$ cat target_19.cif   # mmCIF, C-alpha atoms and all ligand atoms
data_structure
loop_
_atom_site.label_atom_id
_atom_site.label_comp_id
_atom_site.auth_asym_id
_atom_site.auth_seq_id
_atom_site.Cartn_x
_atom_site.Cartn_y
_atom_site.Cartn_z
CA MET A 1 -3.31 -14.37 12.77
CA ILE A 2 -5.34 -12.19 15.11
CA GLN A 3 -8.46 -13.86 16.56
CA PRO A 4 -11.43 -11.45 16.66
CA GLU A 5 -12.77 -13.21 19.78
CA ILE A 6 -9.52 -12.48 21.60
CA LEU A 7 -9.66 -8.86 20.46
CA ILE A 8 -13.19 -8.57 21.89
CA ARG A 9 -11.96 -9.98 25.22
CA GLN A 10 -9.11 -7.44 25.24
CA PHE A 11 -11.62 -4.72 24.38
CA LEU A 12 -13.88 -5.66 27.30
CA ASP A 13 -10.91 -5.87 29.67
CA LEU A 14 -9.91 -2.37 28.63
CA TYR A 15 -13.24 -0.58 28.39
CA GLY A 16 -15.53 -2.76 30.52
CA ARG A 17 -18.87 -4.32 29.63
CA SER A 18 -22.05 -2.45 28.65
CA GLU A 19 -25.34 -3.30 26.93
CA VAL A 20 -23.82 -2.29 23.62
CA LYS A 21 -21.75 -5.07 22.06
CA PRO A 22 -18.51 -4.10 20.31
CA ARG A 23 -18.40 -4.68 16.55
CA VAL A 24 -15.24 -5.86 14.80
CA PHE A 25 -14.00 -4.64 11.42
CA PHE A 26 -11.01 -5.69 9.32
CA ALA A 27 -8.91 -3.96 6.66
CA PRO A 28 -6.08 -5.85 4.93
CA GLY A 29 -2.56 -4.85 3.99
CA ARG A 30 -1.68 -4.93 0.31
CA VAL A 31 1.13 -5.96 -1.96
CA ASN A 32 1.63 -4.42 -5.37
CA LEU A 33 2.54 -6.96 -8.06
CA ILE A 34 3.57 -4.47 -10.76
CA GLY A 35 3.04 -0.77 -11.55
CA GLU A 36 5.19 1.15 -9.06
CA HIS A 37 5.31 4.92 -8.67
CA THR A 38 2.73 5.24 -11.41
CA ASP A 39 -0.39 5.99 -9.32
CA TYR A 40 0.37 9.67 -8.64
CA ASN A 41 1.26 10.02 -12.32
CA GLY A 42 -2.23 8.96 -13.43
CA GLY A 43 -0.95 5.53 -14.48
CA TYR A 44 -1.71 1.83 -13.99
CA VAL A 45 -1.15 -0.34 -10.92
CA PHE A 46 -1.84 -3.99 -10.13
CA PRO A 47 -2.03 -4.57 -6.35
CA CYS A 48 -3.90 -7.15 -4.30
CA ALA A 49 -5.14 -7.29 -0.70
CA LEU A 50 -3.44 -9.64 1.76
CA ASN A 51 -4.95 -11.98 4.31
CA PHE A 52 -3.38 -10.04 7.16
CA GLY A 53 -4.15 -6.50 8.23
CA THR A 54 -5.72 -4.34 10.92
CA TYR A 55 -8.64 -5.34 13.13
CA LEU A 56 -10.73 -2.76 14.94
CA ALA A 57 -13.15 -3.45 17.79
CA ILE A 58 -15.43 -0.47 18.27
CA ARG A 59 -18.43 0.56 20.37
CA GLU A 60 -20.57 3.67 20.51
CA THR A 61 -20.88 5.57 23.83
CA ASP A 62 -22.81 8.57 25.18
CA GLU A 63 -19.58 10.32 26.15
CA ASP A 64 -18.35 13.47 24.45
CA SER A 65 -14.95 11.95 23.69
CA ILE A 66 -13.38 9.15 21.66
CA HIS A 67 -11.03 6.57 23.21
CA PHE A 68 -8.21 5.24 21.06
CA ALA A 69 -5.98 2.28 21.95
CA SER A 70 -3.95 -0.37 20.14
CA THR A 71 -2.66 -3.76 21.21
CA ASN A 72 0.50 -3.11 19.15
CA ILE A 73 1.66 0.37 20.04
CA LYS A 74 1.89 2.02 23.41
CA TRP A 75 0.16 5.35 22.76
CA ARG A 76 -3.46 5.43 23.91
CA GLY A 77 -5.72 8.30 24.82
CA LYS A 78 -9.15 9.81 25.29
CA ILE A 79 -9.73 12.77 22.97
CA PRO A 80 -12.66 15.18 23.52
CA LEU A 81 -14.94 15.58 20.49
CA SER A 82 -14.07 19.28 20.53
CA ASP A 83 -10.37 18.51 20.19
CA LEU A 84 -10.25 15.99 17.32
CA ASP A 85 -8.70 18.41 14.83
CA GLU A 86 -5.34 18.63 16.53
CA LYS A 87 -2.47 16.40 15.38
CA ARG A 88 -0.83 14.29 18.12
CA GLY A 89 2.94 14.52 17.42
CA SER A 90 3.81 11.68 15.06
CA GLU A 91 1.60 9.11 16.84
CA TRP A 92 -0.38 6.42 14.98
CA VAL A 93 -3.60 8.08 16.14
CA ASN A 94 -3.06 10.77 13.49
CA TYR A 95 -4.35 8.25 10.91
CA PRO A 96 -7.77 7.86 12.59
CA LEU A 97 -7.84 11.57 13.41
CA GLY A 98 -7.14 12.40 9.75
CA VAL A 99 -10.00 10.13 8.73
CA ILE A 100 -12.40 11.75 11.23
CA ASP A 101 -11.37 15.15 9.89
CA GLN A 102 -12.40 14.02 6.40
CA LEU A 103 -15.66 12.43 7.60
CA LYS A 104 -16.54 15.75 9.21
CA LYS A 105 -15.90 17.48 5.90
CA LYS A 106 -18.46 15.07 4.42
CA GLY A 107 -20.99 16.32 6.95
CA MET A 108 -20.74 13.57 9.58
CA ILE A 109 -20.95 14.56 13.21
CA PRO A 110 -18.55 12.64 15.48
CA LYS A 111 -20.07 10.92 18.51
CA GLY A 112 -18.52 9.22 21.53
CA ALA A 113 -16.85 5.86 20.87
CA GLU A 114 -14.32 3.36 22.17
CA LEU A 115 -11.82 1.88 19.74
CA LEU A 116 -9.23 -0.87 20.09
CA TYR A 117 -6.97 -1.64 17.12
CA SER A 118 -4.86 -4.75 16.61
CA GLY A 119 -2.77 -5.37 13.52
CA ASP A 120 -0.43 -7.96 12.10
CA ILE A 121 1.12 -5.97 9.25
CA PRO A 122 4.72 -5.09 10.01
CA ASN A 123 4.87 -1.29 10.42
CA GLY A 124 6.66 0.74 7.79
CA ALA A 125 7.42 -2.34 5.66
CA GLY A 126 5.65 -1.02 2.59
CA LEU A 127 2.63 -3.32 2.97
CA SER A 128 0.26 -0.42 3.67
CA SER A 129 -0.18 -0.57 7.41
CA SER A 130 -1.26 3.08 7.33
CA ALA A 131 -3.87 2.69 4.57
CA SER A 132 -5.14 -0.33 6.49
CA ILE A 133 -5.69 1.76 9.66
CA GLU A 134 -7.32 4.51 7.60
CA LEU A 135 -9.75 2.19 5.84
CA VAL A 136 -10.72 0.15 8.88
CA THR A 137 -11.44 3.44 10.67
CA SER A 138 -13.40 5.12 7.89
CA TYR A 139 -15.40 1.95 7.18
CA ALA A 140 -16.25 1.37 10.87
CA LEU A 141 -17.15 5.00 11.63
CA ASN A 142 -19.26 5.25 8.48
CA GLU A 143 -21.23 2.29 9.88
CA LEU A 144 -21.33 3.53 13.46
CA TRP A 145 -22.34 7.08 12.58
CA ARG A 146 -24.87 5.81 10.06
CA GLY A 147 -23.09 7.33 7.12
CA VAL A 148 -24.03 6.39 3.59
CA LEU A 149 -20.65 6.68 1.95
CA PRO A 150 -19.79 3.89 -0.51
CA VAL A 151 -16.40 2.19 -0.12
CA LEU A 152 -14.94 4.11 -3.07
CA GLU A 153 -15.65 7.38 -1.22
CA LEU A 154 -14.00 5.96 1.91
CA VAL A 155 -10.98 5.06 -0.23
CA LYS A 156 -10.72 8.61 -1.56
CA LEU A 157 -11.18 10.30 1.79
CA SER A 158 -8.65 7.98 3.43
CA GLN A 159 -6.07 9.04 0.86
CA LYS A 160 -6.94 12.67 1.57
CA ALA A 161 -6.54 12.04 5.30
CA GLU A 162 -3.00 10.82 4.66
CA ASN A 163 -2.18 13.71 2.30
CA GLU A 164 -3.71 16.52 4.31
CA PHE A 165 -3.55 15.46 7.97
CA VAL A 166 -0.55 13.12 8.13
CA GLY A 167 1.41 14.99 5.44
CA MET A 168 2.40 12.01 3.27
CA ASN A 169 1.70 12.86 -0.35
CA CYS A 170 0.78 9.29 -1.43
CA GLY A 171 -1.26 8.29 -4.48
CA ILE A 172 -4.51 6.29 -4.39
CA MET A 173 -3.15 2.75 -4.90
CA ASP A 174 -2.85 1.60 -1.29
CA GLN A 175 -6.20 2.84 -0.07
CA PHE A 176 -7.87 1.46 -3.21
CA ALA A 177 -6.38 -2.02 -2.81
CA VAL A 178 -7.13 -2.10 0.92
CA GLY A 179 -10.71 -0.92 0.43
CA MET A 180 -11.71 -2.74 -2.75
CA GLY A 181 -9.59 -5.93 -2.75
CA GLU A 182 -11.13 -9.35 -3.24
CA LYS A 183 -9.99 -12.85 -2.35
CA ASN A 184 -7.78 -14.41 -5.02
CA LYS A 185 -8.03 -11.37 -7.29
CA ALA A 186 -5.74 -8.44 -8.03
CA LEU A 187 -6.95 -4.99 -9.05
CA PHE A 188 -5.93 -3.65 -12.43
CA LEU A 189 -6.55 0.02 -11.76
CA ASN A 190 -6.31 3.11 -13.91
CA CYS A 191 -5.41 5.72 -11.29
CA GLU A 192 -6.54 8.62 -13.47
CA THR A 193 -10.11 7.46 -14.12
CA LEU A 194 -10.37 4.93 -11.24
CA ASP A 195 -11.73 2.39 -13.74
CA TYR A 196 -10.69 -1.03 -12.57
CA GLU A 197 -10.92 -4.71 -13.28
CA LYS A 198 -10.62 -7.56 -10.78
CA VAL A 199 -8.27 -10.09 -12.34
CA PRO A 200 -8.27 -13.66 -10.95
CA LEU A 201 -4.85 -14.68 -9.68
CA PHE A 202 -3.85 -18.22 -10.57
CA PHE A 203 -0.23 -18.71 -9.69
CA LYS A 204 -0.50 -22.46 -10.39
CA ASN A 205 2.72 -24.10 -9.30
CA TYR A 206 4.13 -20.85 -7.88
CA GLN A 207 3.87 -19.17 -4.50
CA LEU A 208 3.94 -15.47 -3.74
CA VAL A 209 6.70 -14.78 -1.22
CA ILE A 210 7.14 -11.42 0.47
CA ILE A 211 10.44 -10.63 2.18
CA ASN A 212 10.90 -7.75 4.57
CA THR A 213 14.36 -6.15 4.35
CA ASN A 214 13.89 -4.95 7.94
CA LYS A 215 15.84 -1.90 6.98
CA ARG A 216 14.95 0.91 9.35
CA ARG A 217 12.67 3.44 7.72
CA GLY A 218 14.69 6.52 6.97
CA LEU A 219 13.88 9.38 4.67
CA THR A 220 11.17 7.55 2.75
CA ASP A 221 8.58 10.32 2.93
CA SER A 222 10.86 13.14 1.85
CA LYS A 223 12.42 11.09 -0.96
CA TYR A 224 8.95 10.02 -2.08
CA ASN A 225 7.80 13.63 -2.23
CA GLU A 226 10.99 14.51 -4.12
CA ARG A 227 10.18 11.88 -6.79
CA ARG A 228 6.70 13.33 -7.14
CA ALA A 229 8.17 16.80 -7.66
CA GLN A 230 10.58 15.44 -10.30
CA CYS A 231 7.67 13.91 -12.21
CA GLU A 232 5.85 17.23 -12.11
CA LYS A 233 8.95 18.90 -13.48
CA ALA A 234 9.07 16.33 -16.30
CA VAL A 235 5.45 17.11 -17.17
CA GLU A 236 6.37 20.78 -17.33
CA TYR A 237 9.28 20.16 -19.75
CA LEU A 238 7.33 17.69 -21.89
CA SER A 239 4.46 20.16 -22.18
CA ALA A 240 6.61 22.70 -24.04
CA GLU A 241 5.17 21.68 -27.41
CA LYS A 242 1.83 20.19 -26.52
CA PRO A 243 0.51 20.35 -22.94
CA ILE A 244 -0.01 17.15 -20.98
CA ARG A 245 -1.56 16.84 -17.53
CA ASN A 246 0.44 13.84 -16.38
CA LEU A 247 3.19 11.50 -17.57
CA SER A 248 0.78 8.65 -18.21
CA GLU A 249 -0.76 10.51 -21.13
CA LEU A 250 2.35 9.55 -23.11
CA GLY A 251 3.07 6.09 -24.48
CA LEU A 252 6.67 4.95 -24.97
CA ASP A 253 6.84 5.98 -28.64
CA GLU A 254 5.48 9.44 -27.97
CA PHE A 255 7.89 9.84 -25.06
CA LYS A 256 10.86 8.89 -27.27
CA LYS A 257 9.86 11.62 -29.70
CA ARG A 258 9.60 14.23 -26.98
CA GLU A 259 12.29 13.29 -24.47
CA TYR A 260 14.72 15.78 -26.01
CA LEU A 261 12.59 18.46 -24.34
CA ILE A 262 13.91 17.40 -20.93
CA PRO A 263 17.34 18.99 -20.37
CA ASP A 264 18.01 17.24 -17.04
CA GLU A 265 19.17 13.59 -17.25
CA THR A 266 17.80 12.67 -13.81
CA ILE A 267 14.34 14.04 -14.59
CA LYS A 268 14.44 12.23 -17.94
CA LYS A 269 15.16 8.90 -16.21
CA ARG A 270 12.29 9.42 -13.76
CA ALA A 271 9.84 10.07 -16.60
CA LYS A 272 11.16 7.09 -18.55
CA HIS A 273 10.51 4.77 -15.62
CA VAL A 274 6.91 5.91 -15.20
CA ILE A 275 6.06 5.60 -18.88
CA ALA A 276 7.82 2.24 -19.31
CA GLU A 277 6.22 0.92 -16.10
CA ASN A 278 2.73 1.75 -17.41
CA ASP A 279 3.60 -0.14 -20.56
CA ARG A 280 4.75 -3.13 -18.49
CA VAL A 281 1.49 -3.24 -16.53
CA LEU A 282 -0.46 -3.18 -19.78
CA ARG A 283 1.62 -6.12 -21.04
CA ALA A 284 1.48 -7.99 -17.72
CA ILE A 285 -2.32 -8.26 -17.48
CA PRO A 286 -2.93 -10.26 -20.70
CA VAL A 287 0.05 -12.56 -20.07
CA LEU A 288 -1.27 -13.32 -16.59
CA LYS A 289 -4.74 -13.98 -18.00
CA ASP A 290 -3.13 -16.37 -20.48
CA GLY A 291 -1.41 -18.18 -17.63
CA ASN A 292 2.04 -17.19 -18.90
CA LEU A 293 3.62 -16.78 -15.47
CA ILE A 294 7.16 -16.91 -16.80
CA GLU A 295 6.54 -13.74 -18.83
CA PHE A 296 4.72 -12.13 -15.91
CA GLY A 297 7.77 -12.84 -13.73
CA ARG A 298 10.07 -11.41 -16.36
CA LEU A 299 8.07 -8.17 -16.34
CA MET A 300 8.33 -8.09 -12.53
CA ASN A 301 12.11 -8.31 -12.92
CA GLU A 302 12.12 -5.52 -15.51
CA SER A 303 10.02 -3.39 -13.19
CA HIS A 304 12.55 -3.74 -10.38
CA ASP A 305 15.47 -2.95 -12.66
CA SER A 306 13.75 0.21 -13.84
CA LEU A 307 13.05 1.24 -10.23
CA ARG A 308 16.71 0.54 -9.48
CA TYR A 309 18.42 2.31 -12.34
CA ASP A 310 15.95 4.91 -13.60
CA TYR A 311 13.73 5.79 -10.65
CA GLU A 312 16.45 5.06 -8.06
CA VAL A 313 14.19 4.08 -5.17
CA THR A 314 15.61 0.66 -4.33
CA GLY A 315 18.85 0.85 -2.34
CA PHE A 316 21.37 -1.70 -1.11
CA GLU A 317 19.04 -3.90 0.96
CA LEU A 318 16.25 -4.26 -1.62
CA ASP A 319 18.74 -4.84 -4.43
CA THR A 320 20.60 -7.44 -2.39
CA LEU A 321 17.36 -9.32 -1.65
CA VAL A 322 16.33 -9.24 -5.30
CA ASP A 323 19.80 -10.29 -6.54
CA GLU A 324 19.98 -13.16 -4.06
CA SER A 325 16.38 -14.21 -4.83
CA ARG A 326 16.96 -14.35 -8.56
CA LYS A 327 19.95 -16.66 -8.07
CA ILE A 328 17.68 -19.39 -6.72
CA LYS A 329 16.37 -21.95 -9.19
CA GLY A 330 12.59 -21.83 -9.37
CA VAL A 331 12.33 -18.04 -8.92
CA ILE A 332 10.61 -16.57 -11.96
CA GLY A 333 10.28 -12.96 -10.82
CA SER A 334 11.43 -10.76 -7.97
CA ARG A 335 10.99 -7.05 -7.34
CA MET A 336 10.60 -4.41 -4.69
CA THR A 337 7.02 -3.47 -3.80
CA GLY A 338 5.60 -0.20 -2.47
CA ALA A 339 7.45 3.09 -2.13
CA GLY A 340 10.93 1.54 -1.89
CA PHE A 341 14.01 2.80 0.01
CA GLY A 342 13.57 -0.28 2.24
CA GLY A 343 10.40 -2.24 2.92
CA CYS A 344 9.65 -5.47 1.10
CA THR A 345 10.26 -7.47 -2.05
CA VAL A 346 7.74 -9.75 -3.70
CA SER A 347 8.80 -12.87 -5.60
CA LEU A 348 7.15 -15.69 -7.48
CA VAL A 349 8.77 -18.95 -6.38
CA GLU A 350 8.14 -22.52 -7.53
CA LYS A 351 6.17 -24.23 -4.75
CA GLY A 352 8.63 -27.09 -4.18
CA LYS A 353 11.53 -24.64 -3.87
CA VAL A 354 10.06 -22.27 -1.26
CA ASP A 355 11.86 -23.77 1.77
CA ASP A 356 15.21 -23.74 0.03
CA PHE A 357 14.49 -20.20 -1.18
CA CYS A 358 13.75 -18.86 2.29
CA GLU A 359 16.73 -20.58 3.85
CA THR A 360 19.31 -19.63 1.24
CA VAL A 361 18.15 -16.08 0.57
CA GLY A 362 17.76 -15.45 4.30
CA ALA A 363 21.31 -16.62 5.06
CA ASN A 364 22.92 -14.79 2.14
CA TYR A 365 21.07 -11.55 2.82
CA GLU A 366 22.08 -11.63 6.45
CA LYS A 367 25.71 -12.33 5.56
CA ILE A 368 25.82 -9.41 3.13
CA THR A 369 23.81 -6.79 5.02
CA GLY A 370 23.95 -7.88 8.66
CA LEU A 371 20.12 -7.71 8.77
CA LYS A 372 17.77 -10.63 9.42
CA PRO A 373 14.91 -10.62 6.90
CA ASP A 374 11.34 -11.79 7.59
CA PHE A 375 9.45 -14.02 5.17
CA TYR A 376 5.70 -14.07 4.57
CA LEU A 377 3.77 -16.54 2.42
CA PRO A 378 0.56 -14.55 2.09
CA GLN A 379 -2.77 -15.40 0.59
CA VAL A 380 -4.70 -12.89 -1.44
CA GLY A 381 -7.60 -11.78 0.74
CA ASP A 382 -10.66 -9.56 0.82
CA GLY A 383 -10.86 -5.79 1.15
CA THR A 384 -12.26 -3.94 4.15
CA LYS A 385 -15.28 -5.54 5.83
CA GLU A 386 -17.17 -6.09 9.07
CA ILE A 387 -16.41 -9.46 10.58
CA ILE A 388 -18.42 -9.60 13.81
C1 LIG B 1 3.48 4.11 -1.62
C2 LIG B 1 2.32 5.08 -1.86
C3 LIG B 1 1.50 4.66 -3.08
C4 LIG B 1 2.39 4.43 -4.30
C5 LIG B 1 3.59 3.54 -3.94
C6 LIG B 1 4.58 3.43 -5.07
O1 LIG B 1 3.01 2.86 -1.27
O2 LIG B 1 1.48 5.12 -0.72
O3 LIG B 1 0.51 5.62 -3.35
O4 LIG B 1 2.80 5.64 -4.85
O5 LIG B 1 4.28 4.01 -2.79
O6 LIG B 1 4.03 2.76 -6.15
#
$ encode --input "target_19.cif" --output "structure tokens"
Amino acid sequence: MIQPEILIRQFLDLYGRSEVKPRVFFAPGRVNLIGEHTDYNGGYVFPCALNFGTYLAIRETDEDSIHFASTNIKWRGKIPLSDLDEKRGSEWVNYPLGVIDQLKKKGMIPKGAELLYSGDIPNGAGLSSSASIELVTSYALNELWRGVLPVLELVKLSQKAENEFVGMNCGIMDQFAVGMGEKNKALFLNCETLDYEKVPLFFKNYQLVIINTNKRRGLTDSKYNERRAQCEKAVEYLSAEKPIRNLSELGLDEFKKREYLIPDETIKKRAKHVIAENDRVLRAIPVLKDGNLIEFGRLMNESHDSLRYDYEVTGFELDTLVDESRKIKGVIGSRMTGAGFGGCTVSLVEKGKVDDFCETVGANYEKITGLKPDFYLPQVGDGTKEII
């Protein structure tokens, strides 16, 4: 856990003291419980915010430049206000720069500032470290520059920053969960209308366990964009008789009637996953509200299997973790979370069995893949906020 007081000390060591006190903001990471690869298809998702994330200490200055630094990553720099539009290679600072670009489009005028970031989300593990940087930046600058944008607008512009400036064509789920999350609640979100409901999470005798495959991030972005393109193709085929705007307009029955319109088996499988996954989310919410965790876990398992066989975004490491997890007594559900192709799994594990689970799954996974996994026992935390 990062201590804000320590971050302030690091900030003052780096930038020196002045009459203006630094303020500290926090944006969490997120884990998605069910509803994967549905957001950019106008479908349903069910993520929650985590109790770890990105902290940002920030102070206004009279300078005509902005200083960026992080306690985690080496790159740091002072960027003139006149030069904020230019991308810096593939450095982390592109996330804040993308956000500033969007704030400018909303009419805000950047002013001098000093920023120090510090995060405890593992990078590239599919727990939304990038959305967390985006939201903590947009939230803090909206405050500092006396903007009046509500959090939902910050969520939308942070997604745009990632799409347009960074070049990752993500949906809205991560930014929404990071911005709007609430302690002990998950967000049941309709990504088409942005209607949402905060659903209390009572896992009773079960613990949420996240495991990081620690597989090195490879072609995630290009494969992600390829899946998006395949879904668009499916919409095109399925629209031959009656136009649809996105896959989530079809329920399972309607899809079964129309699937003959898709000549390509791969595209058909992609569409099937999206439509079946929406259906699973819609079934998962009432069972969770009823306290039927066993059925909720079963739907998590089904979700993974569909991502494995129909959407094909899991891969050897994620599948190995899930297979090994499900072998342990007391595990009622286990699935990949996030974009896939590596990253993390999320499992529901009986509280008394967690130690055994971590030990056995850790050893077996390492034996099979040669990689050492990391385990997190997160709590469900709040969305983006100012803390000091
Ligand atoms: C990534 C993207 C999200 C979403 C998930 C898959 O996390 O950023 O928008 O598409 O993958 O569900």
$ residues_around --input "target_19.cif" --residues "Leu149 in chain A" --least-positions-apart "3" --cutoff "10 Å" --atoms "all atoms listed in the file" --output "PDB file with C-alpha atoms, in the frame of the given file"
ATOM      1  CA  LEU A 103     -15.660  12.430   7.600  1.00  0.00           C
ATOM      2  CA  LYS A 106     -18.460  15.070   4.420  1.00  0.00           C
ATOM      3  CA  SER A 138     -13.400   5.120   7.890  1.00  0.00           C
ATOM      4  CA  TYR A 139     -15.400   1.950   7.180  1.00  0.00           C
ATOM      5  CA  ASN A 142     -19.260   5.250   8.480  1.00  0.00           C
ATOM      6  CA  GLU A 143     -21.230   2.290   9.880  1.00  0.00           C
ATOM      7  CA  ARG A 146     -24.870   5.810  10.060  1.00  0.00           C
ATOM      8  CA  LEU A 152     -14.940   4.110  -3.070  1.00  0.00           C
ATOM      9  CA  GLU A 153     -15.650   7.380  -1.220  1.00  0.00           C
ATOM     10  CA  LEU A 154     -14.000   5.960   1.910  1.00  0.00           C
TER      11      LEU A 154
END
$ residues_near_point --input "target_19.cif" --point "(5.2, -8.7, 8.8)" --cutoff "10 Å" --atoms "only C-alpha atoms" --output "mmCIF file with C-alpha atoms, in the coordinates of the input"
data_model
loop_
_atom_site.group_PDB
_atom_site.id
_atom_site.type_symbol
_atom_site.label_atom_id
_atom_site.label_comp_id
_atom_site.auth_asym_id
_atom_site.auth_seq_id
_atom_site.Cartn_x
_atom_site.Cartn_y
_atom_site.Cartn_z
ATOM 1 C CA GLY A 29 -2.560 -4.850 3.990
ATOM 2 C CA PHE A 52 -3.380 -10.040 7.160
ATOM 3 C CA GLY A 53 -4.150 -6.500 8.230
ATOM 4 C CA GLY A 119 -2.770 -5.370 13.520
ATOM 5 C CA ASP A 120 -0.430 -7.960 12.100
ATOM 6 C CA ILE A 121 1.120 -5.970 9.250
ATOM 7 C CA PRO A 122 4.720 -5.090 10.010
ATOM 8 C CA ASN A 123 4.870 -1.290 10.420
ATOM 9 C CA GLY A 124 6.660 0.740 7.790
ATOM 10 C CA ALA A 125 7.420 -2.340 5.660
ATOM 11 C CA GLY A 126 5.650 -1.020 2.590
ATOM 12 C CA LEU A 127 2.630 -3.320 2.970
ATOM 13 C CA SER A 129 -0.180 -0.570 7.410
ATOM 14 C CA ILE A 210 7.140 -11.420 0.470
ATOM 15 C CA ILE A 211 10.440 -10.630 2.180
ATOM 16 C CA ASN A 212 10.900 -7.750 4.570
ATOM 17 C CA ASN A 214 13.890 -4.950 7.940
ATOM 18 C CA CYS A 344 9.650 -5.470 1.100
ATOM 19 C CA ASP A 374 11.340 -11.790 7.590
ATOM 20 C CA PHE A 375 9.450 -14.020 5.170
ATOM 21 C CA TYR A 376 5.700 -14.070 4.570
#
$ closest_residue --input "target_19.cif" --among "A:Arg270, A:His67, A:Lys257, A:Lys289" --to "Leu84 in chain A" --atoms "only C-alpha atoms"
A:His67
$ closest_atom_pairs --input "target_19.cif" --of "range 93-143 of chain A" --to "range 57-66 of chain A" --cutoff "6 Å" --atoms "all atoms listed in the file" --output "Markdown table"
| residue | atom | partner | partner_atom | distance |
| --- | --- | --- | --- | --- |
| A:Gly112 | CA | A:Glu63 | CA | 4.9 |
| A:Ala113 | CA | A:Glu60 | CA | 4.3 |
| A:Glu114 | CA | A:Arg59 | CA | 5.3 |
| A:Leu115 | CA | A:Ile58 | CA | 4.6 |
| A:Leu116 | CA | A:Ala57 | CA | 5.2 |
$ residues_near_ligand --input "target_19.cif" --ligand "ligand LIG 1 (chain B)" --cutoff "9 Å" --atoms "all atoms listed in the file" --output "number ranges by chain"
A: 32, 34-41, 45, 126-128, 130-131, 159, 168-175, 224, 228, 337-340
$ closest_residue --input "target_19.cif" --among "A:Pro110, A:Pro286, A:Pro378, A:Pro150" --to "Gln207 in chain A" --atoms "only C-alpha atoms"
A:Pro378
$ residues_around --input "target_19.cif" --residues "Val166 in chain A" --least-positions-apart "6" --cutoff "7 Å" --atoms "all atoms listed in the file" --output "PDB file with C-alpha atoms, keeping the file's coordinate frame"
ATOM      1  CA  ASN A  94      -3.060  10.770  13.490  1.00  0.00           C
ATOM      2  CA  TYR A  95      -4.350   8.250  10.910  1.00  0.00           C
ATOM      3  CA  GLY A  98      -7.140  12.400   9.750  1.00  0.00           C
TER       4      GLY A  98
END
$ closest_residue --input "target_19.cif" --among "A:Pro22, A:Gly352, A:Gly179, A:Gly297" --to "Arg326 in chain A" --atoms "all atoms listed in the file"
A:Gly297
$ closest_residue --input "target_19.cif" --among "A:Leu371, A:Phe296, A:Leu194, A:Leu14" --to "Ser334 in chain A" --atoms "all atoms listed in the file"
A:Phe296
$ closest_residue --input "target_19.cif" --among "A:Asn190, A:Thr369, A:Phe165, A:Ser118" --to "Ser90 in chain A" --atoms "all atoms listed in the file"
A:Phe165
$ residues_around --input "target_19.cif" --residues "Trp75 in chain A" --least-positions-apart "5" --cutoff "10 Å" --atoms "only C-alpha atoms" --output "number ranges by chain"
A: 68-70, 91-93
$ atom_distance --input "target_19.cif" --atom1 "CA of Ala27 in chain A" --atom2 "CA of Gly383 in chain A"
6.1 Å
$ atom_distance --input "target_19.cif" --atom1 "CA of Gly330 in chain A" --atom2 "CA of Asp290 in chain A"
20.0 Å
$ closest_residue --input "target_19.cif" --among "A:Val99, A:Pro80, A:Leu144, A:Phe11" --to "Glu386 in chain A" --atoms "all atoms listed in the file"
A:Leu144
$ residues_around --input "target_19.cif" --residues "Gly251 in chain A" --least-positions-apart "3" --cutoff "10 Å" --atoms "only C-alpha atoms" --output "PyMOL selection string"
chain A and resi 247-248+254-256+275-276+278-279
$ atom_distance --input "target_19.cif" --atom1 "CA of Leu141 in chain A" --atom2 "CA of Thr54 in chain A"
14.8 Å
$ axis_aligned_box --input "target_19.cif" --around "range 235-239 of chain A" --padding-each-side "4 Å" --output "AutoDock Vina command-line options"
--center_x 6.9 --center_y 18.9 --center_z -19.7 --size_x 12.8 --size_y 11.7 --size_z 13.0
$ residues_around --input "target_19.cif" --residues "Asp319 in chain A" --least-positions-apart "4" --cutoff "10 Å" --atoms "only C-alpha atoms" --output "compact mmCIF listing (two decimals) with C-alpha atoms, in the frame of the given file"
# COMPACT_ATOMS: atom_id res chain seq x y z
CA THR A 213 14.36 -6.15 4.35
CA HIS A 304 12.55 -3.74 -10.38
CA ASP A 305 15.47 -2.95 -12.66
CA ARG A 308 16.71 0.54 -9.48
CA THR A 314 15.61 0.66 -4.33
CA GLY A 315 18.85 0.85 -2.34
CA ASP A 323 19.80 -10.29 -6.54
CA GLU A 324 19.98 -13.16 -4.06
CA SER A 325 16.38 -14.21 -4.83
CA ARG A 335 10.99 -7.05 -7.34
CA MET A 336 10.60 -4.41 -4.69
CA GLY A 342 13.57 -0.28 2.24
CA THR A 345 10.26 -7.47 -2.05
